[in-house]
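Okay, run.json is below, JSON, C-alpha atoms and all ligand atoms:
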```json
[["chain", "number", "residue", "atom", "x", "y", "z"],
["X", 306, "MET", "CA", -89.92, -50.94, 58.20],
["X", 307, "LYS", "CA", -88.25, -51.56, 54.87],
["X", 308, "ARG", "CA", -86.39, -54.71, 54.03],
["X", 309, "LYS", "CA", -82.73, -53.82, 53.81],
["X", 310, "VAL", "CA", -80.08, -55.92, 52.17],
["X", 311, "GLY", "CA", -77.00, -55.66, 54.32],
["X", 312, "ASP", "CA", -73.63, -57.32, 54.46],
["X", 313, "TYR", "CA", -73.74, -60.05, 57.06],
["X", 314, "SER", "CA", -70.63, -61.92, 55.95],
["X", 315, "LYS", "CA", -68.78, -60.93, 59.14],
["X", 316, "PHE", "CA", -71.63, -61.95, 61.41],
["X", 317, "VAL", "CA", -71.24, -64.96, 63.69],
["X", 318, "ASN", "CA", -72.87, -67.98, 62.12],
["X", 319, "HIS", "CA", -75.66, -69.55, 64.13],
["X", 320, "PRO", "CA", -75.71, -73.33, 63.57],
["X", 321, "ARG", "CA", -79.48, -73.31, 63.38],
["X", 322, "TYR", "CA", -80.43, -69.95, 61.88],
["X", 323, "GLY", "CA", -77.38, -68.97, 59.88],
["X", 324, "ARG", "CA", -75.54, -65.68, 59.65],
["X", 325, "GLY", "CA", -77.92, -63.20, 58.03],
["X", 326, "PRO", "CA", -81.51, -62.13, 58.68],
["X", 327, "ARG", "CA", -84.39, -64.51, 58.13],
["X", 328, "PHE", "CA", -86.97, -62.60, 56.15],
["X", 329, "THR", "CA", -90.59, -63.56, 56.63],
["X", 330, "ASP", "CA", -93.87, -62.75, 54.92],
["X", 331, "VAL", "CA", -95.42, -61.57, 58.17],
["X", 332, "ARG", "CA", -96.75, -58.04, 57.79],
["X", 333, "PRO", "CA", -97.34, -56.55, 61.23],
["X", 334, "ARG", "CA", -100.89, -55.37, 61.77],
["X", 335, "GLU", "CA", -101.87, -52.02, 63.20],
["X", 336, "LYS", "CA", -100.84, -51.87, 66.84],
["X", 337, "PRO", "CA", -103.76, -51.89, 69.28],
["X", 338, "LEU", "CA", -103.53, -49.65, 72.34],
["X", 339, "GLY", "CA", -101.64, -51.25, 75.22],
["X", 340, "TYR", "CA", -99.37, -53.39, 73.04],
["X", 341, "ARG", "CA", -95.91, -53.03, 71.68],
["X", 342, "LEU", "CA", -95.09, -53.87, 68.10],
["X", 343, "THR", "CA", -91.71, -55.31, 69.10],
["X", 344, "THR", "CA", -89.54, -55.98, 72.16],
["X", 345, "TYR", "CA", -88.16, -53.49, 74.65],
["X", 346, "ILE", "CA", -84.70, -54.19, 73.34],
["X", 347, "SER", "CA", -85.58, -53.43, 69.75],
["X", 348, "ASP", "CA", -82.59, -51.29, 68.77],
["X", 349, "GLY", "CA", -80.87, -52.92, 65.82],
["X", 350, "THR", "CA", -84.19, -54.13, 64.39],
["X", 351, "ILE", "CA", -84.01, -55.58, 60.88],
["X", 352, "GLY", "CA", -87.16, -54.88, 58.89],
["X", 353, "GLY", "CA", -89.05, -57.68, 57.17],
["X", 354, "THR", "CA", -88.15, -60.33, 59.75],
["X", 355, "ALA", "CA", -91.29, -60.24, 61.90],
["X", 356, "VAL", "CA", -92.39, -63.40, 63.68],
["X", 357, "GLU", "CA", -95.75, -63.25, 65.37],
["X", 358, "ALA", "CA", -95.81, -63.67, 69.15],
["X", 359, "ASP", "CA", -98.10, -66.08, 70.93],
["X", 360, "LEU", "CA", -99.49, -63.86, 73.66],
["X", 361, "ASP", "CA", -100.83, -66.80, 75.65],
["X", 362, "ARG", "CA", -97.35, -68.20, 76.03],
["X", 363, "GLN", "CA", -95.44, -64.95, 76.43],
["X", 364, "ILE", "CA", -94.35, -64.17, 79.97],
["X", 365, "PRO", "CA", -96.96, -61.70, 81.29],
["X", 366, "SER", "CA", -95.84, -58.08, 81.11],
["X", 367, "PRO", "CA", -97.63, -54.74, 81.45],
["X", 368, "VAL", "CA", -97.24, -54.16, 77.71],
["X", 369, "PRO", "CA", -97.28, -57.40, 75.68],
["X", 370, "VAL", "CA", -95.24, -57.60, 72.52],
["X", 371, "LEU", "CA", -96.95, -58.56, 69.26],
["X", 372, "TYR", "CA", -93.94, -59.42, 67.08],
["X", 373, "TYR", "CA", -90.31, -60.36, 67.35],
["X", 374, "PHE", "CA", -87.81, -59.08, 64.82],
["X", 375, "ASP", "CA", -84.25, -60.11, 64.08],
["X", 376, "LEU", "CA", -81.96, -57.75, 65.98],
["X", 377, "THR", "CA", -78.31, -56.98, 65.32],
["X", 378, "ARG", "CA", -76.05, -57.21, 68.33],
["X", 379, "VAL", "CA", -72.33, -57.02, 69.11],
["X", 380, "CYS", "CA", -71.02, -59.78, 71.37],
["X", 381, "VAL", "CA", -69.63, -58.53, 74.71],
["X", 382, "GLU", "CA", -67.01, -61.29, 74.71],
["X", 383, "CYS", "CA", -65.61, -61.51, 71.18],
["X", 384, "HIS", "CA", -66.92, -58.15, 69.86],
["X", 385, "ARG", "CA", -68.19, -59.71, 66.64],
["X", 386, "PRO", "CA", -71.61, -58.78, 65.28],
["X", 387, "PHE", "CA", -74.37, -61.35, 65.40],
["X", 388, "ILE", "CA", -78.12, -61.58, 65.01],
["X", 389, "PHE", "CA", -80.43, -62.26, 67.90],
["X", 390, "PHE", "CA", -83.00, -64.00, 65.76],
["X", 391, "ALA", "CA", -86.74, -63.43, 66.06],
["X", 392, "GLU", "CA", -87.20, -67.17, 66.44],
["X", 393, "GLU", "CA", -84.69, -67.29, 69.28],
["X", 394, "GLN", "CA", -86.59, -64.50, 70.99],
["X", 395, "LYS", "CA", -89.80, -66.42, 70.60],
["X", 396, "TYR", "CA", -88.12, -69.37, 72.28],
["X", 397, "TRP", "CA", -86.66, -67.23, 75.08],
["X", 398, "TYR", "CA", -89.86, -65.35, 75.85],
["X", 399, "GLU", "CA", -92.40, -68.10, 75.25],
["X", 400, "SER", "CA", -90.69, -71.37, 76.10],
["X", 401, "LEU", "CA", -87.89, -70.52, 78.51],
["X", 402, "GLY", "CA", -89.97, -67.95, 80.41],
["X", 403, "PHE", "CA", -87.50, -65.08, 80.08],
["X", 404, "VAL", "CA", -88.79, -61.56, 80.66],
["X", 405, "LEU", "CA", -89.29, -59.42, 77.56],
["X", 406, "ASP", "CA", -86.41, -57.07, 78.29],
["X", 407, "ALA", "CA", -83.87, -59.88, 78.65],
["X", 408, "ASP", "CA", -81.34, -59.06, 75.95],
["X", 409, "CYS", "CA", -78.89, -61.37, 74.31],
["X", 410, "ILE", "CA", -75.37, -60.04, 74.86],
["X", 411, "ARG", "CA", -73.22, -62.98, 73.72],
["X", 412, "CYS", "CA", -73.03, -64.61, 70.32],
["X", 413, "VAL", "CA", -73.98, -68.26, 70.08],
["X", 414, "GLU", "CA", -70.35, -69.40, 70.13],
["X", 415, "CYS", "CA", -69.52, -67.47, 73.27],
["X", 416, "ARG", "CA", -72.75, -68.65, 74.89],
["X", 417, "ARG", "CA", -71.75, -72.26, 74.26],
["X", 418, "LEU", "CA", -68.25, -71.65, 75.54],
["X", 419, "GLN", "CA", -69.71, -70.07, 78.63],
["X", 420, "GLN", "CA", -72.04, -73.00, 79.21],
["X", 421, "GLY", "CA", -69.15, -75.41, 78.77],
["X", 422, "LEU", "CA", -67.10, -73.44, 81.30],
["X", 423, "ASP", "CA", -70.03, -73.36, 83.74],
["X", 424, "ARG", "CA", -70.22, -77.13, 83.55],
["X", 425, "ARG", "CA", -66.45, -77.43, 83.99],
["X", 426, "ARG", "CA", -66.60, -75.22, 87.03],
["X", 427, "GLN", "CA", -69.42, -77.21, 88.61],
["X", 428, "ARG", "CA", -67.51, -80.42, 88.05],
["X", 429, "TYR", "CA", -64.30, -78.91, 89.42],
["X", 430, "GLU", "CA", -66.04, -77.75, 92.57],
["X", 431, "GLU", "CA", -67.72, -81.08, 93.02],
["X", 432, "LEU", "CA", -64.37, -82.88, 92.81],
["X", 433, "PHE", "CA", -62.67, -80.26, 94.96],
["X", 434, "ARG", "CA", -65.10, -80.91, 97.83],
["X", 435, "ARG", "CA", -64.48, -84.66, 97.88],
["X", 436, "GLU", "CA", -62.39, -85.88, 100.73],
["X", 437, "GLU", "CA", -60.89, -88.62, 98.65],
["X", 438, "ARG", "CA", -60.34, -88.73, 94.92],
["X", 439, "SER", "CA", -59.25, -91.49, 92.63],
["X", 440, "ALA", "CA", -56.33, -90.93, 90.28],
["X", 441, "GLU", "CA", -58.81, -90.52, 87.42],
["X", 442, "GLU", "CA", -60.67, -87.87, 89.39],
["X", 443, "ASN", "CA", -57.47, -86.00, 90.18],
["X", 444, "LEU", "CA", -56.65, -85.95, 86.50],
["X", 445, "GLU", "CA", -60.12, -84.77, 85.58],
["X", 446, "MET", "CA", -59.87, -82.06, 88.21],
["X", 447, "ALA", "CA", -56.54, -80.91, 86.77],
["X", 448, "GLU", "CA", -58.10, -80.77, 83.29],
["X", 449, "CYS", "CA", -61.11, -78.79, 84.51],
["X", 450, "CYS", "CA", -58.83, -76.42, 86.38],
["X", 451, "LEU", "CA", -56.65, -75.70, 83.37],
["X", 452, "ASP", "CA", -59.67, -75.21, 81.10],
["X", 453, "LEU", "CA", -61.02, -72.70, 83.59],
["X", 454, "VAL", "CA", -57.73, -70.81, 83.72],
["X", 455, "GLU", "CA", -57.61, -70.75, 79.92],
["X", 456, "GLY", "CA", -61.23, -69.60, 79.78],
["X", 457, "GLY", "CA", -60.45, -66.71, 82.11],
["X", 458, "VAL", "CA", -62.71, -68.02, 84.88],
["X", 459, "PHE", "CA", -59.89, -68.88, 87.28],
["X", 460, "HIS", "CA", -56.95, -66.72, 88.17],
["X", 461, "GLY", "CA", -53.71, -67.65, 86.43],
["X", 462, "ARG", "CA", -52.07, -68.83, 89.62],
["X", 463, "HIS", "CA", -54.42, -71.81, 89.65],
["X", 464, "THR", "CA", -51.89, -73.44, 87.33],
["X", 465, "GLU", "CA", -50.01, -74.24, 90.55],
["X", 466, "ARG", "CA", -52.92, -76.41, 91.59],
["X", 467, "VAL", "CA", -52.75, -78.20, 88.27],
["X", 468, "ARG", "CA", -49.05, -78.89, 88.86],
["X", 469, "MET", "CA", -49.81, -80.13, 92.36],
["X", 470, "LEU", "CA", -52.42, -82.53, 91.05],
["X", 471, "LEU", "CA", -50.10, -83.78, 88.33],
["X", 472, "ASN", "CA", -47.32, -84.37, 90.83],
["X", 473, "LYS", "CA", -49.51, -86.95, 92.54],
["X", 474, "PHE", "CA", -49.06, -89.22, 89.53],
["X", 475, "PRO", "CA", -46.23, -91.72, 89.52],
["X", 476, "GLN", "CA", -44.12, -91.84, 86.36],
["X", 477, "ASN", "CA", -45.28, -95.14, 84.97],
["X", 478, "GLN", "CA", -48.79, -94.51, 83.72],
["X", 479, "GLY", "CA", -50.79, -96.29, 81.05],
["X", 480, "ASP", "CA", -50.74, -94.77, 77.58],
["X", 481, "ALA", "CA", -54.06, -92.93, 77.73],
["X", 482, "VAL", "CA", -53.37, -91.37, 81.13],
["X", 483, "ALA", "CA", -49.78, -90.54, 80.20],
["X", 484, "ARG", "CA", -51.06, -88.73, 77.11],
["X", 485, "ARG", "CA", -53.51, -86.64, 79.13],
["X", 486, "ILE", "CA", -50.81, -85.74, 81.63],
["X", 487, "ARG", "CA", -48.42, -84.80, 78.83],
["X", 488, "ASP", "CA", -51.08, -82.65, 77.23],
["X", 489, "LEU", "CA", -51.62, -80.76, 80.49],
["X", 490, "ARG", "CA", -47.87, -80.35, 81.04],
["X", 491, "ASP", "CA", -47.56, -78.93, 77.52],
["X", 492, "ARG", "CA", -50.31, -76.41, 78.06],
["X", 493, "LEU", "CA", -49.05, -75.15, 81.43],
["X", 494, "PRO", "CA", -46.00, -73.13, 80.33],
["X", 495, "LEU", "CA", -47.99, -71.42, 77.56],
["X", 496, "ILE", "CA", -50.56, -70.23, 80.06],
["X", 497, "GLU", "CA", -47.95, -69.25, 82.63],
["X", 498, "ALA", "CA", -46.03, -67.27, 80.03],
["X", 499, "GLY", "CA", -49.14, -65.35, 79.02],
["X", 500, "ARG", "CA", -50.06, -64.60, 82.58],
["X", 501, "SER", "CA", -47.32, -62.21, 83.58],
["X", 502, "GLY", "CA", -48.72, -59.28, 81.56],
["X", 503, "HIS", "CA", -52.36, -59.24, 82.44],
["X", 504, "ASP", "CA", -54.34, -60.70, 85.29],
["X", 505, "VAL", "CA", -57.66, -62.39, 84.74],
["X", 506, "GLN", "CA", -60.69, -62.31, 86.95],
["X", 507, "GLU", "CA", -59.94, -63.15, 90.57],
["X", 508, "THR", "CA", -61.76, -66.19, 91.88],
["E", 601, "ZN", "ZN", -68.96, -63.91, 70.90]]
```

Would you mind writing the structure in this file as structure tokens?
Amino acid sequence: MKRKVGDYSKFVNHPRYGRGPRFTDVRPREKPLGYRLTTYISDGTIGGTAVEADLDRQIPSPVPVLYYFDLTRVCVECHRPFIFFAEEQKYWYESLGFVLDADCIRCVECRRLQQGLDRRRQRYEELFRREERSAEENLEMAECCLDLVEGGVFHGRHTERVRMLLNKFPQNQGDAVARRIRDLRDRLPLIEAGRSGHDVQET
């Protein structure tokens, strides 16, 4: 595979690996029988980016993979191009124990957003199940709920729950709490206005 100089200026920047390919001096050896030179998901391979696999650490598979290459991908969430770096693959398949055909479908920014939303959802559900909540917990629950509506995880009508939670608060609140309540109240109409046209995922 030849090293190709491409334009990666529109690619999502990875805080650790950057935007463009990471060229290496690794020259893949001849492939022995029963091995693959690169992963099962190797479409979009960028030549000259090989990183050698550690077969002892790789999750066992019928056909082990000798090298990882940087792969170009398009994010399913934001539709921007990004690179699934060889070093990330090494981490996935050798440290996290992912199977070799596990592909990366979201860019790093959308993955982080997703993880943040997963945590918000867990926290929301935890608070939701409590029989009694403090005022602070009600406020936190309202914030989680609105984040989840904005993130498209909760249906738009969950804004009603946010309003319900906010209505539990008496008028005279301390500065910090009053600011958080005001912030939520400001965000609500924007979300409700945007909701009439298109529905998000039902939860
Ligand atoms: Zn993305």

With distances taken over only C-alpha atoms and all ligand atoms, which of X:Cys412, X:Ala355, X:Val482, X:Ala407 is nearest to ligand ZN 601 (chain E)? X:Cys412

Distance table requested - chain X against ligand ZN 601 (chain E), cut-off 8 Å, only C-alpha atoms and all ligand atoms: one row per qualifying residue with the closest atom pair and its distance in Å to one decimal, ordered by chain and rising residue number, as a tab-separated table.
```
residue	atom	partner	partner_atom	distance
X:Val317	CA	E:ZN601	ZN	7.6
X:Val379	CA	E:ZN601	ZN	7.9
X:Cys380	CA	E:ZN601	ZN	4.6
X:Val381	CA	E:ZN601	ZN	6.6
X:Glu382	CA	E:ZN601	ZN	5.0
X:Cys383	CA	E:ZN601	ZN	4.1
X:His384	CA	E:ZN601	ZN	6.2
X:Arg385	CA	E:ZN601	ZN	6.0
X:Arg411	CA	E:ZN601	ZN	5.2
X:Cys412	CA	E:ZN601	ZN	4.2
X:Val413	CA	E:ZN601	ZN	6.7
X:Glu414	CA	E:ZN601	ZN	5.7
X:Cys415	CA	E:ZN601	ZN	4.3
X:Arg416	CA	E:ZN601	ZN	7.3
```

When you look at X:Cys450 with a cut-off of 8 Å (counting all atoms listed in the file), what residues show up, excluding the ones that are within fewer than 3 positions of it in the same chain? I need them as number ranges by chain. X: 426, 429, 446-447, 453-454, 459, 463-464, 466-467

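Counting from atom CA of X:Trp397, the distance to atom CA of X:Arg424 is 21.0 Å.
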
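Across the model, the gap from atom CA of X:Leu371 to atom CA of X:Arg334 is 9.0 Å.
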
Grab the atom CA of X:Arg378 to atom CA of X:Gly349 distance for me, in Å with one decimal place. 6.9 Å

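Among the candidate residues X:Gln394, X:Gln419, X:Asn472, X:Ser314, the one lying nearest to X:Gly456 is X:Gln419, with distances computed using all atoms listed in the file.
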
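Using all atoms listed in the file for every distance, the candidate list X:Asp406, X:Asp452, X:Glu431, X:Glu392 yields X:Asp452 as the residue closest to X:Leu418.
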
For stretch 377-384 of chain X, what centre and edge lengths in Å (one decimal) does the axis-aligned box get once 6 Å is added on each side of all its listed atoms, as JSON?
```
{"center_x": -72.0, "center_y": -59.2, "center_z": 70.0, "size_x": 24.7, "size_y": 16.5, "size_z": 21.4}
```

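Each of X:His460, X:Lys336, X:Lys473, X:Arg485 was checked against X:Glu497 using only C-alpha atoms; the smallest atom-to-atom distance is that of X:His460.
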
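Of the residues under consideration (X:Val356, X:Ile346, X:Ile496, X:Val331), X:Ile346 shows the shortest atom-to-atom contact distance to X:Asp408 when counting all atoms listed in the file.
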
For a cutoff of 12 Å around the file-coordinate point (-54.2, -90.0, 85.3), which residues qualify once you count all atoms listed in the file? I'd like the result as a PyMOL selection string. chain X and resi 438-448+470-489

Can I get stretch 435-454 of chain X with N, CA and C atoms filled in, as a CSV table (one decimal), in the frame of the given file?
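File produced: result_21.csv:
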```
chain,number,residue,atom,x,y,z
X,435,ARG,N,-64.6,-83.3,97.5
X,435,ARG,CA,-64.5,-84.7,97.9
X,435,ARG,C,-63.3,-84.9,98.8
X,436,GLU,N,-63.5,-85.7,99.8
X,436,GLU,CA,-62.4,-85.9,100.7
X,436,GLU,C,-61.3,-86.8,100.1
X,437,GLU,N,-61.8,-87.7,99.3
X,437,GLU,CA,-60.9,-88.6,98.6
X,437,GLU,C,-61.2,-88.7,97.2
X,438,ARG,N,-60.1,-88.7,96.4
X,438,ARG,CA,-60.3,-88.7,94.9
X,438,ARG,C,-59.5,-89.8,94.3
X,439,SER,N,-60.0,-90.5,93.3
X,439,SER,CA,-59.2,-91.5,92.6
X,439,SER,C,-58.2,-90.8,91.7
X,440,ALA,N,-57.3,-91.5,91.2
X,440,ALA,CA,-56.3,-90.9,90.3
X,440,ALA,C,-57.0,-90.3,89.1
X,441,GLU,N,-58.0,-91.0,88.6
X,441,GLU,CA,-58.8,-90.5,87.4
X,441,GLU,C,-59.5,-89.2,87.8
X,442,GLU,N,-60.0,-89.1,89.0
X,442,GLU,CA,-60.7,-87.9,89.4
X,442,GLU,C,-59.7,-86.7,89.6
X,443,ASN,N,-58.5,-87.0,90.1
X,443,ASN,CA,-57.5,-86.0,90.2
X,443,ASN,C,-57.1,-85.5,88.8
X,444,LEU,N,-57.0,-86.4,87.9
X,444,LEU,CA,-56.6,-86.0,86.5
X,444,LEU,C,-57.8,-85.1,85.9
X,445,GLU,N,-59.0,-85.5,86.1
X,445,GLU,CA,-60.1,-84.8,85.6
X,445,GLU,C,-60.2,-83.4,86.2
X,446,MET,N,-59.9,-83.3,87.5
X,446,MET,CA,-59.9,-82.1,88.2
X,446,MET,C,-58.8,-81.1,87.6
X,447,ALA,N,-57.6,-81.7,87.4
X,447,ALA,CA,-56.5,-80.9,86.8
X,447,ALA,C,-57.0,-80.4,85.4
X,448,GLU,N,-57.6,-81.2,84.6
X,448,GLU,CA,-58.1,-80.8,83.3
X,448,GLU,C,-59.1,-79.7,83.4
X,449,CYS,N,-60.1,-79.8,84.3
X,449,CYS,CA,-61.1,-78.8,84.5
X,449,CYS,C,-60.4,-77.5,84.9
X,450,CYS,N,-59.5,-77.6,85.8
X,450,CYS,CA,-58.8,-76.4,86.4
X,450,CYS,C,-58.1,-75.7,85.3
X,451,LEU,N,-57.4,-76.4,84.4
X,451,LEU,CA,-56.6,-75.7,83.4
X,451,LEU,C,-57.6,-75.1,82.3
X,452,ASP,N,-58.7,-75.8,82.0
X,452,ASP,CA,-59.7,-75.2,81.1
X,452,ASP,C,-60.2,-73.9,81.7
X,453,LEU,N,-60.4,-73.9,83.0
X,453,LEU,CA,-61.0,-72.7,83.6
X,453,LEU,C,-60.0,-71.5,83.6
X,454,VAL,N,-58.7,-71.9,83.8
X,454,VAL,CA,-57.7,-70.8,83.7
X,454,VAL,C,-57.7,-70.3,82.3
```
